[in-house]
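Here the structure is laid out as structure tokens; the discussion comes afterwards.
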Amino acid sequence: MNSANIIALLKKEFLLEFRQKTSLASILLYVLSIVFISFLSFKNGIKPDVWCALFWIVLFFAAINAASKSFFTESKARSIYNYSLYHPTEFVISKIIYNIILLWVVCLCSVLCFSWLINYPVQNSLLFLAVLLLGSTALAGSLTLMSCIASKTGNSYSVMSLLSMPVCIPVMLLSLRLTKNSIDGLEMSVSYKYLGGLFFIDVIIITLSLFLFRYLWKE
Amino acid sequence: MKKLISLAFLLLLTVSGFAQTEEPKMADTMRSEGKIYVVVLVLSVVFACLATYLIIIDRKLKKLEDKK
Amino acid sequence: MKNWWWKILAIVMVLYSIGMGFLGNVPRLNILNETIRNLYFHVPLWFAMLVQMGISWVFALMYLNGYKIKYDILSSRAAIVGGMFALPGVITGSIWATYTWGKPWVADDPKLQGVMAAMIVYFVYYLLRALIPDTQTKARISAVYNIFAFIMTFVFIMIYPRLAPNSLHPGNGGNPAFGKYDMDNGMRMVFYPACIGWILMSVWLLNVLNRMKKLQYKLDNDEEIN
């Protein structure tokens, strides 16, 4: 474990991202087009429940799109090079941090797209921000591990969404409930225990990913 | 006035009718006729057959394991 | 005939629960009426499933600690037996719910959602195992998925009912537990043996499937299992 290594790996990830802008752009286009399609089908306004559901479905699949890139693009030669240089924990920490930041960007963009094309019904924006940060952290943590598992099976993308669906149900349920609270503009104190639950799930997911990644690492 | 009083009386009657808790309905007839034993017997036979089959599989497996 | 006593015990206990389940006295309750007897048959299925999935999880951990293929065989078989008990559990639960709660699947019950998540997890687990051809890789990857998914769904089943106070199942939220006053001592005398009986049946099934898979492994690979 060496923090310099983690920073070097993170730097590499961001450099790659900036070199080939297509991957981030494709995710953003995906979000934009889905939101546009929903706008076309909900011309007469949209209920808060439906807004919640749409928002999280878009975010979930955009997250799968984004996170699946983290292992599928690794070539065989490069992963062997990585094995020899880094400790698995360093590697997975850098991947998780990178995915968390990526998902925050995706979150921001989908909120922008929703408020531009559909509407922004949230009354308690502070709570909504907390849900987005915690929820996308949980998604990033579990999707990183799932994308590594899926990359071992060959036909990856469909397997990836299948694998991550059930393990994300807890996160999705809590986030949906909290988003509903923030749309209804409820007091913060009502939502504390749910936020606590979400934070607890975040901690569990990240600990488990750190613990389990070393078993996926070596061929 | 008389009408009103009688109406109130009727209302009271219905209220007291609701207040009398009815015993929840159970399948008492079936039990008193003794037909419930038939159900128990049938289910037990079904389960016993499945269990016997499991025992037979277990013993066959034992023989296969011993052959090795 | 040694090691057979617990198998006989399993059969006897389930037979006892079938007999006493129909003949014994139960509390007379509205809405539930005679369906309260489903408690002896529906709930033990879930307990058996939980035991199997716990076994599956423990042996997945043991497999990762030393990569012994016998633990992987046991872990994957336990997941299969767990799924075998979960399916009738869901079906019987839906039938019971249709006649007491009015709908086969109730929207806001955290237990139902947790169970749905757990079932999907195990079906995806079988799929994952089917997709990877190499035995060792299959064992390793599926063990990791098993550990992760089990903790996610079961921590969730433990946490979520405490957060969401509107479960229809007894024991969470405002609903009284069966232990409190629905289930009297007479019912308990049938319910506990039923649970033990079905759990033992599931362990027996696991035992048979495990030995079968081991034999098959020996035949296929022509080597002893370490």
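So you can find residues: chains in the structure tokens are A, B, ... in the order shown, residues in each start at 1, and ligands are numbered from 1 in order.
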Chain A residues within 7 Å of chain C, counting only C-alpha atoms: which ones, as a PDB file with C-alpha atoms, in the first residue's frame?
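File written: result33.pdb
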```pdb
ATOM      1  CA  ILE A 149     -16.241 -10.016 -12.423  1.00  0.00           C
ATOM      2  CA  THR A 153     -16.917 -13.957 -18.375  1.00  0.00           C
ATOM      3  CA  LEU A 162     -27.414  -8.593 -14.748  1.00  0.00           C
ATOM      4  CA  LEU A 163     -24.756  -8.947 -12.065  1.00  0.00           C
ATOM      5  CA  PRO A 166     -29.591  -7.394  -7.578  1.00  0.00           C
ATOM      6  CA  VAL A 167     -26.659  -6.046  -5.562  1.00  0.00           C
ATOM      7  CA  ILE A 169     -31.396  -3.055  -5.169  1.00  0.00           C
ATOM      8  CA  PRO A 170     -30.691  -1.991  -1.545  1.00  0.00           C
ATOM      9  CA  LYS A 193     -31.888   7.357   9.534  1.00  0.00           C
ATOM     10  CA  TYR A 194     -32.144   6.605   5.820  1.00  0.00           C
ATOM     11  CA  LEU A 208     -15.925  -5.594   0.741  1.00  0.00           C
ATOM     12  CA  LEU A 212     -12.504  -9.214  -2.295  1.00  0.00           C
ATOM     13  CA  LEU A 216     -10.245 -11.526  -8.676  1.00  0.00           C
TER      14      LEU A 216
END
```
* If you count only C-alpha atoms, which residues fall within 8 Å of Met187 of chain C, apart from same-chain ones fewer than 5 positions away, as a ChimeraX atom specification? -> /C:24-26
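By chain and then residue number, the residues within 9 Å of segment 93-103 of chain C are Ile31, Leu32, Thr35, Asn38, His42, Val43, Pro88, Gly89 and Leu168 of chain C, counting only C-alpha atoms and disregarding those fewer than 4 positions away in sequence.
Picture a line from atom CA of Val115 of chain C to atom CA of Leu132 of chain A; it runs 25.9 Å.
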Write out as an mmCIF file with C-alpha atoms, in the first residue's frame each polymer residue whose atoms come within 12 Å of Val39 of chain B, counting only C-alpha atoms; drop sequence neighbours fewer than 2 positions from it.
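Contents of the output file selection-v9.cif:
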```
data_model
loop_
_atom_site.group_PDB
_atom_site.id
_atom_site.type_symbol
_atom_site.label_atom_id
_atom_site.label_comp_id
_atom_site.auth_asym_id
_atom_site.auth_seq_id
_atom_site.Cartn_x
_atom_site.Cartn_y
_atom_site.Cartn_z
ATOM 1 C CA MET B 30 -64.776 -30.544 8.079
ATOM 2 C CA ARG B 31 -63.213 -31.218 11.439
ATOM 3 C CA GLY B 34 -63.577 -36.295 10.468
ATOM 4 C CA LYS B 35 -62.736 -35.614 6.833
ATOM 5 C CA ILE B 36 -59.643 -33.668 7.931
ATOM 6 C CA TYR B 37 -57.971 -37.023 8.659
ATOM 7 C CA LEU B 41 -53.379 -38.961 5.334
ATOM 8 C CA VAL B 42 -53.036 -37.879 1.703
ATOM 9 C CA LEU B 43 -50.385 -35.260 2.479
ATOM 10 C CA SER B 44 -48.451 -37.691 4.674
ATOM 11 C CA VAL B 45 -48.441 -40.299 1.913
ATOM 12 C CA VAL B 46 -47.209 -37.753 -0.623
ATOM 13 C CA ILE C 18 -48.190 -32.236 8.708
ATOM 14 C CA GLY C 19 -50.345 -34.219 11.131
ATOM 15 C CA MET C 20 -50.442 -31.780 14.013
ATOM 16 C CA GLY C 21 -50.506 -28.845 11.606
ATOM 17 C CA PHE C 22 -53.963 -29.865 10.453
ATOM 18 C CA LEU C 23 -55.326 -31.500 13.590
#
```
Could you list, as an mmCIF file with C-alpha atoms, in the first residue's frame, every residue within 10 Å of Asp58 of chain B, counting only C-alpha atoms and ignoring same-chain residues fewer than 2 positions away?
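And here's result_29.cif as it stands now:
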```cif
data_model
loop_
_atom_site.group_PDB
_atom_site.id
_atom_site.type_symbol
_atom_site.label_atom_id
_atom_site.label_comp_id
_atom_site.auth_asym_id
_atom_site.auth_seq_id
_atom_site.Cartn_x
_atom_site.Cartn_y
_atom_site.Cartn_z
ATOM 1 C CA THR B 52 -38.547 -42.766 0.543
ATOM 2 C CA TYR B 53 -37.304 -41.799 -2.877
ATOM 3 C CA LEU B 54 -34.651 -39.600 -1.248
ATOM 4 C CA ILE B 55 -33.604 -42.539 0.971
ATOM 5 C CA ILE B 56 -33.284 -44.798 -2.074
ATOM 6 C CA LYS B 60 -27.591 -45.903 -4.280
ATOM 7 C CA LEU B 61 -25.122 -43.067 -3.941
ATOM 8 C CA LYS B 62 -23.533 -44.822 -0.972
ATOM 9 C CA LYS B 63 -22.998 -47.944 -3.092
ATOM 10 C CA LEU B 64 -21.442 -45.893 -5.896
ATOM 11 C CA TRP C 204 -30.032 -33.923 3.656
ATOM 12 C CA LEU C 205 -30.693 -32.750 0.096
ATOM 13 C CA ASN C 207 -25.626 -33.864 1.437
ATOM 14 C CA VAL C 208 -26.956 -35.962 -1.470
ATOM 15 C CA LEU C 209 -26.281 -33.307 -4.128
ATOM 16 C CA ARG C 211 -21.826 -36.355 -2.829
ATOM 17 C CA MET C 212 -23.263 -36.685 -6.333
#
```
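Atom CA of Ala48 of chain C is positioned 15.3 Å from atom CA of Trp6 of chain C.
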Proximity check chain B to chain C, 6 Å, nearest pairs one decimal Å, only C-alpha atoms, as JSON lines:
```
{"residue": "B:Pro24", "atom": "CA", "partner": "C:Asn30", "partner_atom": "CA", "distance": 5.2}
{"residue": "B:Met26", "atom": "CA", "partner": "C:Asn33", "partner_atom": "CA", "distance": 5.7}
{"residue": "B:Val40", "atom": "CA", "partner": "C:Gly19", "partner_atom": "CA", "distance": 5.7}
```
* In Å to one decimal, how far is atom CA of Leu112 of chain A from atom CA of Ile93 of chain A? -> 28.7 Å
* Asked: So which residues touch Ile199 of chain C within 7 Å, counting only C-alpha atoms, skipping near sequence neighbours fewer than 3 positions away, as a PyMOL selection string?
  -> chain C and resi 47-48+195-196+202-203
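For Ala78 of chain C, the list of residues within 8 Å, based on only C-alpha atoms and with local chain neighbours fewer than 4 positions off taken out, reads C:Gln52, C:Met53, C:Ile55, C:Ser56, C:Leu74, C:Gly82, C:Leu206.
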Residues of the last selection are to be written out with C-alpha atoms, as a PDB file, in the first residue's frame.
```
ATOM      1  CA  GLN C  52     -28.613 -23.057   3.010  1.00  0.00           C
ATOM      2  CA  MET C  53     -27.540 -19.613   1.880  1.00  0.00           C
ATOM      3  CA  ILE C  55     -23.806 -22.480   4.431  1.00  0.00           C
ATOM      4  CA  SER C  56     -23.139 -21.382   0.867  1.00  0.00           C
ATOM      5  CA  LEU C  74     -20.368 -27.617  -1.261  1.00  0.00           C
ATOM      6  CA  GLY C  82     -31.405 -22.671  -1.186  1.00  0.00           C
ATOM      7  CA  LEU C 206     -27.466 -30.763   0.229  1.00  0.00           C
TER       8      LEU C 206
END
```
